[in-house]
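Colleague: The structure file my_file.cif (mmCIF, C-alpha atoms) is provided below.
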```
data_final
loop_
_atom_site.label_atom_id
_atom_site.label_comp_id
_atom_site.auth_asym_id
_atom_site.auth_seq_id
_atom_site.Cartn_x
_atom_site.Cartn_y
_atom_site.Cartn_z
CA MET J 1 -7.37 20.46 -1.52
CA PRO J 2 -3.80 20.06 -0.21
CA LEU J 3 -3.20 18.14 3.00
CA LEU J 4 -1.36 21.16 4.42
CA THR J 5 -2.01 24.87 4.40
CA ALA J 6 0.58 27.19 2.91
CA ASP J 7 1.61 28.26 6.42
CA GLN J 8 2.05 24.65 7.55
CA ALA J 9 4.07 23.78 4.45
CA ALA J 10 6.28 26.82 5.07
CA ARG J 11 6.85 25.64 8.65
CA VAL J 12 7.81 22.19 7.36
CA ARG J 13 10.36 23.67 4.96
CA GLU J 14 11.79 25.99 7.60
CA ARG J 15 12.19 23.25 10.24
CA PHE J 16 12.98 20.14 8.22
CA GLY J 17 13.91 21.24 4.70
CA THR J 18 12.55 19.81 1.47
CA PRO J 19 11.70 17.33 0.20
CA CYS J 20 9.87 16.10 3.28
CA TYR J 21 7.07 13.60 3.81
CA VAL J 22 4.25 14.75 6.07
CA TYR J 23 1.51 12.51 7.47
CA ASP J 24 -1.72 13.58 9.17
CA ALA J 25 -2.40 11.67 12.40
CA ALA J 26 -6.06 12.69 12.51
CA ALA J 27 -6.67 11.51 8.94
CA LEU J 28 -4.95 8.19 9.62
CA GLU J 29 -7.07 7.56 12.70
CA THR J 30 -10.32 8.62 11.02
CA THR J 31 -9.83 6.24 8.11
CA ALA J 32 -8.79 3.37 10.38
CA ARG J 33 -11.85 3.81 12.60
CA HIS J 34 -14.05 3.94 9.49
CA LEU J 35 -12.72 0.58 8.33
CA LEU J 36 -12.82 -0.95 11.83
CA ALA J 37 -16.59 -0.43 11.66
CA PHE J 38 -16.77 -2.68 8.57
CA ALA J 39 -19.98 -4.67 8.95
CA ALA J 40 -19.29 -8.43 8.81
CA PRO J 41 -21.89 -10.90 10.13
CA TYR J 42 -19.57 -13.45 11.78
CA GLY J 43 -16.58 -11.45 13.01
CA PHE J 44 -14.05 -9.13 11.41
CA THR J 45 -10.30 -8.47 11.47
CA LEU J 46 -8.68 -5.43 9.88
CA ARG J 47 -5.08 -6.01 8.83
CA TYR J 48 -2.79 -3.24 7.68
CA ALA J 49 -0.73 -4.13 4.61
CA MET J 50 2.35 -2.49 6.05
CA LYS J 51 4.26 -2.54 2.78
CA ALA J 52 2.25 0.58 1.92
CA ASN J 53 4.10 2.53 4.60
CA PRO J 54 6.05 0.81 7.41
CA SER J 55 6.90 3.97 9.34
CA ARG J 56 7.13 3.05 13.02
CA ARG J 57 4.94 6.00 14.09
CA ILE J 58 2.16 4.86 11.74
CA LEU J 59 2.54 1.27 12.94
CA HIS J 60 2.22 2.46 16.55
CA LEU J 61 -0.93 4.41 15.72
CA PHE J 62 -2.58 1.42 14.03
CA ARG J 63 -1.39 -0.97 16.76
CA ASP J 64 -3.07 1.15 19.43
CA LEU J 65 -6.31 1.20 17.43
CA GLY J 66 -6.36 -2.61 17.35
CA LEU J 67 -5.35 -3.33 13.76
CA HIS J 68 -3.47 -6.49 12.82
CA ILE J 69 -0.62 -6.70 10.30
CA ASP J 70 -0.18 -8.18 6.84
CA ALA J 71 3.57 -8.56 6.35
CA SER J 72 5.19 -9.20 2.97
CA SER J 73 8.64 -10.34 4.11
CA ASP J 74 10.55 -11.67 7.09
CA TRP J 75 11.92 -8.15 7.48
CA GLU J 76 8.44 -6.68 7.76
CA VAL J 77 7.58 -9.26 10.40
CA GLU J 78 10.58 -8.09 12.41
CA ARG J 79 9.63 -4.43 12.01
CA ALA J 80 6.08 -5.17 13.18
CA LEU J 81 7.41 -7.05 16.21
CA ARG J 82 9.72 -4.16 17.05
CA ALA J 83 6.75 -1.81 16.76
CA GLY J 84 5.01 -3.80 19.48
CA PHE J 85 2.55 -5.96 17.57
CA ALA J 86 1.84 -9.30 19.24
CA PRO J 87 3.09 -12.16 17.03
CA ASP J 88 -0.38 -13.65 16.64
CA ARG J 89 -1.55 -10.33 15.15
CA ILE J 90 1.01 -10.60 12.34
CA GLN J 91 0.45 -12.72 9.23
CA LEU J 92 3.29 -13.32 6.78
CA SER J 93 2.22 -13.45 3.11
CA SER J 94 5.38 -13.23 1.05
CA GLN J 95 6.54 -13.80 -2.50
CA MET J 96 9.94 -14.90 -1.22
CA PRO J 97 9.86 -18.12 0.81
CA SER J 98 10.60 -17.34 4.43
CA THR J 99 14.09 -18.14 5.72
CA ARG J 100 12.89 -17.84 9.31
CA LEU J 101 10.01 -20.30 9.51
CA ALA J 102 11.29 -21.90 12.71
CA ASP J 103 11.47 -18.50 14.42
CA HIS J 104 7.99 -17.54 13.25
CA VAL J 105 6.52 -20.83 14.44
CA ARG J 106 8.22 -20.48 17.81
CA HIS J 107 6.99 -16.90 18.27
CA GLY J 108 3.46 -17.57 17.04
CA VAL J 109 3.49 -15.47 13.86
CA ARG J 110 0.72 -16.56 11.50
CA LEU J 111 1.90 -18.17 8.26
CA ASN J 112 0.29 -17.91 4.84
CA ALA J 113 1.45 -20.34 2.13
CA CYS J 114 1.62 -18.41 -1.13
CA SER J 115 2.92 -21.24 -3.35
CA LEU J 116 3.04 -25.02 -3.33
CA HIS J 117 6.75 -24.80 -2.49
CA GLN J 118 5.98 -22.59 0.50
CA LEU J 119 3.20 -24.94 1.62
CA GLU J 120 5.65 -27.86 1.61
CA ALA J 121 8.22 -25.84 3.55
CA ILE J 122 5.68 -24.81 6.17
CA GLY J 123 4.49 -28.39 6.45
CA ARG J 124 8.02 -29.56 7.17
CA ALA J 125 8.71 -26.75 9.66
CA ALA J 126 5.38 -26.84 11.47
CA PRO J 127 3.54 -30.15 10.91
CA GLY J 128 0.11 -30.21 12.46
CA SER J 129 -0.23 -26.41 12.47
CA ALA J 130 -3.18 -24.25 11.53
CA ILE J 131 -2.16 -21.92 8.68
CA ALA J 132 -3.48 -19.80 5.82
CA VAL J 133 -3.19 -20.51 2.13
CA ARG J 134 -3.22 -17.90 -0.63
CA MET J 135 -5.02 -18.91 -3.79
CA ASN J 136 -5.15 -17.20 -7.18
CA PRO J 137 -8.86 -17.49 -8.03
CA GLY J 138 -8.26 -17.01 -11.76
CA LEU J 139 -9.29 -13.38 -12.04
CA GLY J 140 -7.59 -10.12 -11.17
CA SER J 141 -8.12 -6.39 -11.23
CA GLY J 142 -5.72 -3.50 -11.51
CA SER J 143 -5.67 0.10 -12.67
CA THR J 144 -2.58 -1.03 -14.63
CA LYS J 145 -1.10 -4.46 -15.32
CA ARG J 146 1.50 -3.71 -12.67
CA THR J 147 -1.12 -3.43 -9.93
CA ASN J 148 -2.96 -6.62 -10.90
CA THR J 149 -2.21 -9.54 -8.56
CA GLY J 150 -4.72 -12.09 -9.80
CA GLY J 151 -5.43 -14.05 -12.97
CA PRO J 152 -3.14 -16.07 -15.25
CA ALA J 153 -0.61 -13.24 -15.72
CA SER J 154 0.06 -12.98 -11.98
CA SER J 155 2.55 -15.04 -9.95
CA PHE J 156 0.79 -14.33 -6.67
CA GLY J 157 -0.82 -17.22 -4.84
CA ILE J 158 -1.50 -20.84 -5.83
CA TRP J 159 -3.40 -21.25 -9.08
CA HIS J 160 -6.96 -22.38 -8.30
CA GLU J 161 -6.72 -25.46 -10.49
CA TYR J 162 -4.07 -26.86 -8.10
CA LEU J 163 -6.48 -27.09 -5.20
CA ALA J 164 -6.11 -30.89 -5.10
CA ASP J 165 -2.33 -30.47 -4.70
CA VAL J 166 -2.93 -28.06 -1.83
CA GLN J 167 -5.17 -30.59 -0.13
CA ALA J 168 -2.68 -33.41 -0.65
CA ILE J 169 0.23 -31.45 0.83
CA ALA J 170 -1.90 -30.32 3.77
CA THR J 171 -2.94 -33.90 4.47
CA ARG J 172 0.62 -35.19 4.25
CA HIS J 173 1.82 -32.69 6.85
CA ARG J 174 -1.38 -32.67 8.95
CA LEU J 175 -1.86 -28.98 8.25
CA SER J 176 -5.19 -27.37 9.04
CA LEU J 177 -5.98 -24.76 6.38
CA ARG J 178 -7.94 -22.41 8.62
CA THR J 179 -7.69 -19.26 6.47
CA LEU J 180 -8.30 -18.91 2.75
CA HIS J 181 -6.59 -15.82 1.34
CA THR J 182 -7.10 -14.13 -2.01
CA HIS J 183 -5.94 -10.74 -3.21
CA ILE J 184 -6.60 -9.68 -6.79
CA GLY J 185 -4.91 -6.28 -7.00
CA SER J 186 -5.65 -2.59 -6.84
CA GLY J 187 -8.39 -2.31 -9.42
CA THR J 188 -11.28 0.09 -9.85
CA ASP J 189 -14.06 -2.24 -11.01
CA PRO J 190 -16.38 -3.24 -8.12
CA GLU J 191 -18.10 -5.85 -10.27
CA VAL J 192 -14.81 -7.73 -10.74
CA TRP J 193 -14.17 -7.58 -7.00
CA GLN J 194 -17.65 -8.95 -6.30
CA ARG J 195 -17.11 -11.81 -8.75
CA VAL J 196 -13.84 -12.69 -7.07
CA THR J 197 -15.55 -12.71 -3.68
CA ARG J 198 -17.87 -15.46 -4.89
CA MET J 199 -14.97 -17.33 -6.52
CA SER J 200 -13.01 -17.15 -3.26
CA LEU J 201 -15.92 -18.52 -1.27
CA ASP J 202 -16.30 -21.36 -3.77
CA LEU J 203 -12.68 -22.28 -3.00
CA ALA J 204 -13.40 -22.06 0.73
CA ALA J 205 -16.29 -24.47 0.28
CA ALA J 206 -13.85 -27.12 -0.96
CA LEU J 207 -11.61 -26.75 2.12
CA ASP J 208 -13.42 -28.14 5.14
CA ASP J 209 -11.15 -26.54 7.76
CA VAL J 210 -11.53 -22.98 6.52
CA ALA J 211 -13.03 -20.75 9.21
CA VAL J 212 -11.60 -17.41 8.02
CA VAL J 213 -11.69 -15.84 4.58
CA ASN J 214 -9.22 -13.03 3.84
CA LEU J 215 -10.27 -11.05 0.78
CA GLY J 216 -7.10 -8.94 0.64
CA GLY J 217 -7.05 -5.24 -0.03
CA GLY J 218 -6.68 -3.17 -3.15
CA PHE J 219 -9.65 -0.94 -2.39
CA LYS J 220 -9.53 2.03 -4.74
CA VAL J 221 -8.50 5.38 -3.31
CA GLY J 222 -9.11 8.51 -5.35
CA ARG J 223 -5.90 10.51 -5.06
CA MET J 224 -6.94 12.97 -7.76
CA PRO J 225 -10.00 15.19 -7.17
CA GLU J 226 -11.95 13.58 -10.01
CA GLU J 227 -11.16 10.01 -8.96
CA PRO J 228 -13.75 8.07 -6.92
CA SER J 229 -12.81 6.00 -3.88
CA ALA J 230 -14.28 2.61 -3.07
CA ASP J 231 -17.59 2.79 -1.19
CA MET J 232 -16.69 0.59 1.77
CA VAL J 233 -20.29 0.55 3.05
CA ASP J 234 -21.36 -0.93 -0.27
CA VAL J 235 -18.44 -3.37 -0.21
CA ALA J 236 -19.39 -4.49 3.30
CA ALA J 237 -23.02 -4.99 2.31
CA HIS J 238 -22.04 -7.16 -0.65
CA VAL J 239 -19.59 -9.27 1.33
CA SER J 240 -22.09 -9.72 4.15
CA ARG J 241 -24.70 -11.03 1.73
CA GLU J 242 -22.20 -13.49 0.30
CA LEU J 243 -21.10 -14.70 3.74
CA VAL J 244 -24.71 -15.21 4.88
CA ALA J 245 -25.49 -17.10 1.68
CA PHE J 246 -22.36 -19.24 2.19
CA ARG J 247 -23.52 -20.19 5.67
CA GLU J 248 -26.93 -21.12 4.35
CA ARG J 249 -25.36 -23.33 1.67
CA HIS J 250 -22.55 -24.92 3.70
CA GLY J 251 -23.38 -24.45 7.38
CA ARG J 252 -20.17 -22.53 8.11
CA ALA J 253 -20.00 -18.99 9.49
CA LEU J 254 -16.79 -17.49 8.13
CA HIS J 255 -14.83 -14.81 9.94
CA LEU J 256 -13.83 -12.04 7.52
CA GLU J 257 -10.45 -10.36 7.15
CA ILE J 258 -9.41 -7.56 4.80
CA GLU J 259 -5.92 -6.06 4.53
CA PRO J 260 -5.93 -2.60 2.95
CA GLY J 261 -2.77 -0.55 2.71
CA THR J 262 -3.44 2.24 0.24
CA PHE J 263 -6.95 2.90 1.53
CA LEU J 264 -5.67 3.46 5.05
CA VAL J 265 -2.77 5.81 4.37
CA ALA J 266 -2.64 7.19 0.80
CA ASN J 267 -4.46 10.47 1.27
CA ALA J 268 -3.08 11.03 4.76
CA GLY J 269 0.36 11.83 3.36
CA ALA J 270 2.05 14.42 1.15
CA VAL J 271 5.51 15.53 0.10
CA VAL J 272 6.45 19.14 0.70
CA ALA J 273 8.85 20.21 -2.05
CA THR J 274 10.51 23.28 -3.53
CA CYS J 275 10.63 24.36 -7.16
CA ILE J 276 14.35 24.49 -7.91
CA ASP J 277 14.35 25.41 -11.60
CA VAL J 278 12.04 26.29 -14.50
CA VAL J 279 12.93 25.54 -18.13
CA ASP J 280 11.07 25.25 -21.41
CA THR J 281 11.57 23.76 -24.86
CA GLY J 282 10.24 26.64 -26.94
CA LYS J 283 6.81 27.79 -28.03
CA ASP J 284 5.91 24.37 -29.44
CA GLY J 285 7.41 22.42 -26.55
CA TYR J 286 6.78 22.18 -22.84
CA LEU J 287 7.21 24.23 -19.70
CA PHE J 288 9.03 22.16 -17.07
CA ALA J 289 9.06 22.86 -13.35
CA LYS J 290 11.92 21.02 -11.69
CA LEU J 291 11.26 20.05 -8.08
CA ASP J 292 13.64 18.78 -5.42
CA THR J 293 11.39 15.72 -5.21
CA GLY J 294 10.61 13.13 -7.84
CA MET J 295 11.20 9.43 -8.32
CA THR J 296 13.43 9.45 -5.25
CA GLU J 297 10.33 10.06 -3.08
CA VAL J 298 7.33 9.35 -5.35
CA THR J 299 8.17 6.55 -7.76
CA ARG J 300 4.63 5.60 -8.78
CA PRO J 301 4.25 8.09 -11.68
CA SER J 302 7.48 7.03 -13.41
CA LEU J 303 6.80 3.37 -12.67
CA TYR J 304 3.28 3.03 -14.06
CA GLY J 305 1.84 6.42 -14.86
CA ALA J 306 0.13 6.91 -11.50
CA GLN J 307 -1.49 10.26 -10.86
CA HIS J 308 -0.81 12.48 -7.82
CA PRO J 309 -2.28 15.93 -7.16
CA ILE J 310 0.29 18.71 -7.29
CA ASP J 311 -0.34 22.15 -5.84
CA VAL J 312 1.83 25.24 -6.26
CA LEU J 313 1.23 27.24 -3.08
CA VAL J 314 0.90 30.73 -4.52
CA THR J 315 -2.05 33.01 -5.25
CA ASP J 316 -2.83 35.72 -7.79
CA ARG J 317 -0.56 34.36 -10.51
CA GLU J 318 -1.38 33.43 -14.09
CA THR J 319 -1.74 29.71 -14.83
CA ALA J 320 0.35 27.69 -17.24
CA ALA J 321 0.39 24.14 -18.57
CA THR J 322 3.29 22.67 -16.60
CA VAL J 323 5.14 19.37 -16.61
CA PHE J 324 6.58 18.57 -13.19
CA VAL J 325 9.85 16.66 -13.09
CA GLY J 326 12.22 15.55 -10.37
CA PRO J 327 15.88 16.29 -9.68
CA CYS J 328 17.40 13.06 -11.00
CA CYS J 329 19.57 12.77 -14.07
CA GLU J 330 16.98 10.38 -15.49
CA SER J 331 14.52 11.02 -18.32
CA GLY J 332 11.92 8.93 -16.52
CA ASP J 333 11.90 11.20 -13.45
CA ILE J 334 8.45 12.58 -14.29
CA LEU J 335 5.73 13.46 -11.78
CA THR J 336 3.02 14.27 -14.35
CA PRO J 337 2.90 11.44 -16.90
CA ALA J 338 -0.26 10.60 -18.78
CA PRO J 339 -2.58 8.33 -16.75
CA GLY J 340 -1.30 4.77 -17.00
CA ASP J 341 1.40 5.76 -19.48
CA PRO J 342 4.73 6.70 -17.86
CA GLU J 343 6.29 7.49 -21.25
CA SER J 344 3.87 10.31 -22.16
CA LEU J 345 3.64 13.77 -20.63
CA ALA J 346 0.44 15.28 -19.26
CA PRO J 347 0.93 18.93 -18.27
CA ARG J 348 -1.09 20.34 -15.37
CA TRP J 349 -2.70 23.77 -15.38
CA VAL J 350 -1.30 25.41 -12.26
CA PRO J 351 -0.07 28.85 -11.19
CA ARG J 352 3.04 29.37 -13.31
CA PRO J 353 5.85 28.02 -11.10
CA ARG J 354 8.89 30.08 -10.14
CA VAL J 355 12.13 29.07 -8.48
CA GLY J 356 11.61 28.91 -4.71
CA ASP J 357 7.87 28.17 -4.80
CA LEU J 358 6.52 25.71 -2.27
CA VAL J 359 4.88 22.73 -3.95
CA ILE J 360 2.85 19.90 -2.39
CA VAL J 361 2.62 16.46 -3.99
CA GLY J 362 -0.46 14.81 -2.51
CA GLY J 363 -1.63 11.26 -2.10
CA ALA J 364 1.85 10.31 -0.89
CA GLY J 365 1.02 8.31 2.22
CA ALA J 366 1.09 4.93 0.48
CA TYR J 367 3.77 3.32 -1.72
CA CYS J 368 5.92 6.45 -1.78
CA SER J 369 8.40 6.47 1.09
CA ALA J 370 8.12 2.67 1.17
CA MET J 371 8.74 2.29 -2.57
CA SER J 372 11.22 5.08 -3.30
CA THR J 373 14.30 4.76 -5.50
CA LEU J 374 16.43 5.29 -2.43
CA ASN J 375 19.79 7.07 -2.96
CA TYR J 376 19.59 7.27 -6.75
CA ASN J 377 22.04 10.02 -7.78
CA SER J 378 23.11 9.79 -4.11
CA TYR J 379 20.18 11.87 -2.91
CA PRO J 380 19.57 11.19 0.79
CA GLN J 381 16.40 9.59 2.11
CA ALA J 382 13.88 12.35 2.89
CA PRO J 383 12.68 12.94 6.45
CA GLU J 384 9.20 12.05 7.65
CA VAL J 385 7.07 14.30 9.85
CA MET J 386 3.76 13.68 11.62
CA LEU J 387 1.19 16.45 11.77
CA GLU J 388 -0.27 15.73 15.20
CA ARG J 389 -3.88 16.31 16.17
CA ASP J 390 -2.94 19.47 18.06
CA GLY J 391 -1.30 20.95 14.96
CA THR J 392 2.29 20.38 16.04
CA LEU J 393 4.85 18.86 13.67
CA GLN J 394 6.86 15.95 15.05
CA LEU J 395 9.92 14.55 13.29
CA ILE J 396 9.48 10.77 13.03
CA ARG J 397 12.47 10.04 10.77
CA GLN J 398 15.38 12.40 10.22
CA ARG J 399 16.95 13.14 6.87
CA GLN J 400 19.65 10.67 5.91
CA SER J 401 23.24 11.91 5.88
CA LEU J 402 25.92 11.13 3.31
CA ASP J 403 27.77 9.14 5.98
CA GLN J 404 24.67 6.96 6.40
CA ILE J 405 24.42 6.44 2.65
CA VAL J 406 27.98 5.11 2.42
CA GLN J 407 28.33 3.50 5.87
CA ASN J 408 28.21 -0.08 4.59
CA GLU J 409 30.76 0.42 1.82
CA ARG J 410 34.10 -1.34 2.18
#
```
Can the structure from this file be put into structure tokens for me?

Modeller:
Amino acid sequence: MPLLTADQAARVRERFGTPCYVYDAAALETTARHLLAFAAPYGFTLRYAMKANPSRRILHLFRDLGLHIDASSDWEVERALRAGFAPDRIQLSSQMPSTRLADHVRHGVRLNACSLHQLEAIGRAAPGSAIAVRMNPGLGSGSTKRTNTGGPASSFGIWHEYLADVQAIATRHRLSLRTLHTHIGSGTDPEVWQRVTRMSLDLAAALDDVAVVNLGGGFKVGRMPEEPSADMVDVAAHVSRELVAFRERHGRALHLEIEPGTFLVANAGAVVATCIDVVDTGKDGYLFAKLDTGMTEVTRPSLYGAQHPIDVLVTDRETAATVFVGPCCESGDILTPAPGDPESLAPRWVPRPRVGDLVIVGGAGAYCSAMSTLNYNSYPQAPEVMLERDGTLQLIRQRQSLDQIVQNER
């Protein structure tokens, strides 16, 4: 079922044009409150992986609900600070070594060493500090290889066999490793996730200072109607059993953190688009509906064959097998690839599109606006709108102008 009614989508197009991102404030709050109730026996912190969608309005909403932040770059730290998050509620876990360690230490931002090189740098910048360390436990999970952030094919975190090196560096710089962090990717197999939980706790057992275990995010969200979402009640029950057993074995009660991004925002967002052309390649070919949105707003399908629901907002029209494509002069600008295979086409049976039809691309709250191929073919960045609880539509980011696209050129 689309996030918006046909009337609401028509209002969006009339007021803001298309393509346009729309987020549902009520859905965002409902999901956040659901996760804030996560049952953990010795304390719980919910971090928002803001790389999923760093819109200031969404950050404000989560800030007011009491969420903390997982930041993936110095720039995200700055955006979180500007959105009003207290520094000690922000943790930096980045692939790129921070160039602002001294500033973060001075402000009280929490630091997470994601490589041995980063651990050394933090030790030099903040000797004697309490920090986090991200470990690769040796196993990962992902719906595709590109969403797997654990195991030997992943560069994320410090390989678990280098634990002795971690301990030696920490000792040399008098660092207290208070938080153990693992994140294995956005997979769909709960058994793999449960195995990694135990592997993470085994690593925590070898680090005497660890008081917090951060098990990352990657909880599956079913964007398509037939896709299941992670059962967070079941996840909480499993983690609670493991934490209680850990305390019985080692005498330590570990505070739990998780840092979902997709789970919090994916299905609270959509792109309102317009069908701008319809072409076909003959009776043995395909019917293509060209939209004014594509990889410029929703890159995931062309990147790794991700699936998003697409609804043509008409009634009483015959259906047709339709391939949806975007407006870019790029053969990879496909919105309906085969699952996990961005190079194959998977037509959808929908009311046969016509030029001018309103179309909604769902599941666009996470890793869409944040991960768009901005300004390809010089298309401007699309606006963002919040559907407020009272049904009003509030512009939270205006459409980019051509002057803004070229303003830094010299």

Colleague: Residue by residue, what does the PyMOL selection byres ((chain J and resi 10) around 12) grab here? Present the result as a VMD selection string.

Modeller: chain J and resid 4 to 9 11 to 20 272 to 274 313 to 314 356 to 360 393

Colleague: Could you tell me how far CA of Leu65 in chain J sits from CA of Thr197 in chain J, in Å to one decimal place?

Modeller: 26.9 Å

Colleague: Hey, what comes out of the PyMOL selection byres ((chain J and resi 256) around 10) on this file? Could you write it as JSON, numbers by chain?

Modeller: {"J": [38, 39, 40, 41, 42, 43, 44, 45, 46, 179, 211, 212, 213, 214, 215, 239, 240, 243, 253, 254, 255, 257, 258]}

Colleague: Just the residues within 8 Å of Arg47 in chain J, please, counting only C-alpha atoms, with nothing from its chain fewer than 3 positions along; format it as a ChimeraX atom specification.

Modeller: /J:67-70,257-260

Colleague: Can you translate the PyMOL selection byres ((chain J and resi 52) around 10) into the concrete residues it hits in this file, as a list in words?

Modeller: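 That expression, the PyMOL selection byres ((chain J and resi 52) around 10), corresponds here to Tyr48, Ala49, Met50, Lys51, Asn53, Pro54, Ser55, Pro260, Gly261, Thr262, Phe263, Leu264, Val265, Ala266, Gly365, Ala366, Tyr367, Cys368, Ser369, Ala370 and Met371 of chain J.
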
Colleague: What's the separation between CA of Arg397 in chain J and CA of Glu78 in chain J, in Å to one decimal place?

Modeller: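 Atom-to-atom, CA of Arg397 in chain J to CA of Glu78 in chain J, that is 18.3 Å.
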
Colleague: I'd like the neighbourhood of range 277-284 of chain J as number ranges by chain, where a residue qualifies if any of its atoms comes within 7 Å (using all atoms listed in the file), though same-chain residues fewer than 5 positions away should be ignored.

Modeller: J: 289-290, 354-355

Colleague: Which residue out of J:Leu35, J:Thr99, J:Gly123, J:Asn112 has the minimum interatomic distance to Phe219 in chain J when all atoms listed in the file are used?

Modeller: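 Checking each candidate against Phe219 in chain J, we get J:Leu35 as the closest.
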
Colleague: Do you have the CA of Ser129 in chain J-CA of Asp88 in chain J distance handy?

Modeller: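 Here the two named atoms are 13.4 Å from each other.
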
Colleague: Residues within 9 Å of range 328-335 of chain J, please, as a list of chain:residue names. Count only C-alpha atoms; anything in the same chain fewer than 3 positions from it doesn't count.

Modeller: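 Skipping anything fewer than 3 positions along the chain leaves J:Asp292, J:Thr293, J:Gly294, J:Met295, J:Thr296, J:Val298, J:Thr299, J:Arg300, J:Pro301, J:Ser302, J:Leu303, J:Gly305, J:Ala306, J:Gln307, J:His308, J:Ile310, J:Val323, J:Phe324, J:Val325, J:Pro342, J:Glu343, J:Leu345, J:Val361, J:Tyr376, J:Asn377, J:Tyr379.
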
Colleague: Which residues, written as a ChimeraX atom specification, have at least one atom at most 12 Å from Gln167 in chain J, with all atoms listed in the file counted and residues fewer than 2 positions away on the same chain left out?

Modeller: /J:116,119-120,123,133,158,160-165,169-177,203-204,206-210

Colleague: Counting only C-alpha atoms, which of J:Ala236, J:Cys114, J:Ile131, J:Ala26 gets nearest to Thr182 in chain J?

Modeller: J:Cys114

Colleague: Pick out the residues sitting within 8 Å of Gly362 in chain J, and hand them over as a PyMOL selection string; count all atoms listed in the file, and ignore anything fewer than 6 positions along from it in its own chain.

Modeller: chain J and resi 2-3+223+267+269-271+308-310

Colleague: Kindly indicate which residue among J:Val77, J:Ala268, J:Tyr23, J:Gly326 lies nearest to Arg57 in chain J, using all atoms listed in the file for the distances.

Modeller: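 Closest candidate: J:Tyr23.
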
Colleague: Since fewer atoms than expected are present, regenerate N, CA and C atoms for range 121-136 of chain J and write them as an mmCIF file, in the frame of the given file.

Modeller:
```
data_model
loop_
_atom_site.group_PDB
_atom_site.id
_atom_site.type_symbol
_atom_site.label_atom_id
_atom_site.label_comp_id
_atom_site.auth_asym_id
_atom_site.auth_seq_id
_atom_site.Cartn_x
_atom_site.Cartn_y
_atom_site.Cartn_z
ATOM 1 N N ALA J 121 7.245 -26.295 2.567
ATOM 2 C CA ALA J 121 8.220 -25.840 3.550
ATOM 3 C C ALA J 121 7.574 -25.611 4.913
ATOM 4 N N ILE J 122 6.393 -25.019 4.917
ATOM 5 C CA ILE J 122 5.680 -24.810 6.170
ATOM 6 C C ILE J 122 5.284 -26.141 6.792
ATOM 7 N N GLY J 123 4.866 -27.065 5.949
ATOM 8 C CA GLY J 123 4.490 -28.390 6.450
ATOM 9 C C GLY J 123 5.653 -29.094 7.127
ATOM 10 N N ARG J 124 6.845 -28.934 6.564
ATOM 11 C CA ARG J 124 8.020 -29.560 7.170
ATOM 12 C C ARG J 124 8.422 -28.851 8.473
ATOM 13 N N ALA J 125 8.288 -27.522 8.488
ATOM 14 C CA ALA J 125 8.710 -26.750 9.660
ATOM 15 C C ALA J 125 7.707 -26.791 10.792
ATOM 16 N N ALA J 126 6.421 -26.927 10.444
ATOM 17 C CA ALA J 126 5.380 -26.840 11.470
ATOM 18 C C ALA J 126 4.261 -27.843 11.215
ATOM 19 N N PRO J 127 4.589 -29.148 11.174
ATOM 20 C CA PRO J 127 3.540 -30.150 10.910
ATOM 21 C C PRO J 127 2.461 -30.071 11.981
ATOM 22 N N GLY J 128 1.231 -30.238 11.538
ATOM 23 C CA GLY J 128 0.110 -30.210 12.460
ATOM 24 C C GLY J 128 -0.396 -28.812 12.795
ATOM 25 N N SER J 129 0.162 -27.793 12.167
ATOM 26 C CA SER J 129 -0.230 -26.410 12.470
ATOM 27 C C SER J 129 -1.467 -25.984 11.713
ATOM 28 N N ALA J 130 -2.084 -24.919 12.230
ATOM 29 C CA ALA J 130 -3.180 -24.250 11.530
ATOM 30 C C ALA J 130 -2.588 -23.050 10.791
ATOM 31 N N ILE J 131 -2.779 -22.962 9.493
ATOM 32 C CA ILE J 131 -2.160 -21.920 8.680
ATOM 33 C C ILE J 131 -3.170 -21.347 7.695
ATOM 34 N N ALA J 132 -2.702 -20.374 6.921
ATOM 35 C CA ALA J 132 -3.480 -19.800 5.820
ATOM 36 C C ALA J 132 -2.884 -20.276 4.505
ATOM 37 N N VAL J 133 -3.688 -20.202 3.456
ATOM 38 C CA VAL J 133 -3.190 -20.510 2.130
ATOM 39 C C VAL J 133 -3.731 -19.457 1.167
ATOM 40 N N ARG J 134 -2.825 -18.915 0.351
ATOM 41 C CA ARG J 134 -3.220 -17.900 -0.630
ATOM 42 C C ARG J 134 -3.467 -18.565 -1.971
ATOM 43 N N MET J 135 -4.655 -18.341 -2.503
ATOM 44 C CA MET J 135 -5.020 -18.910 -3.790
ATOM 45 C C MET J 135 -5.203 -17.792 -4.819
ATOM 46 N N ASN J 136 -4.846 -18.088 -6.055
ATOM 47 C CA ASN J 136 -5.150 -17.200 -7.180
ATOM 48 C C ASN J 136 -6.449 -17.709 -7.780
#
```
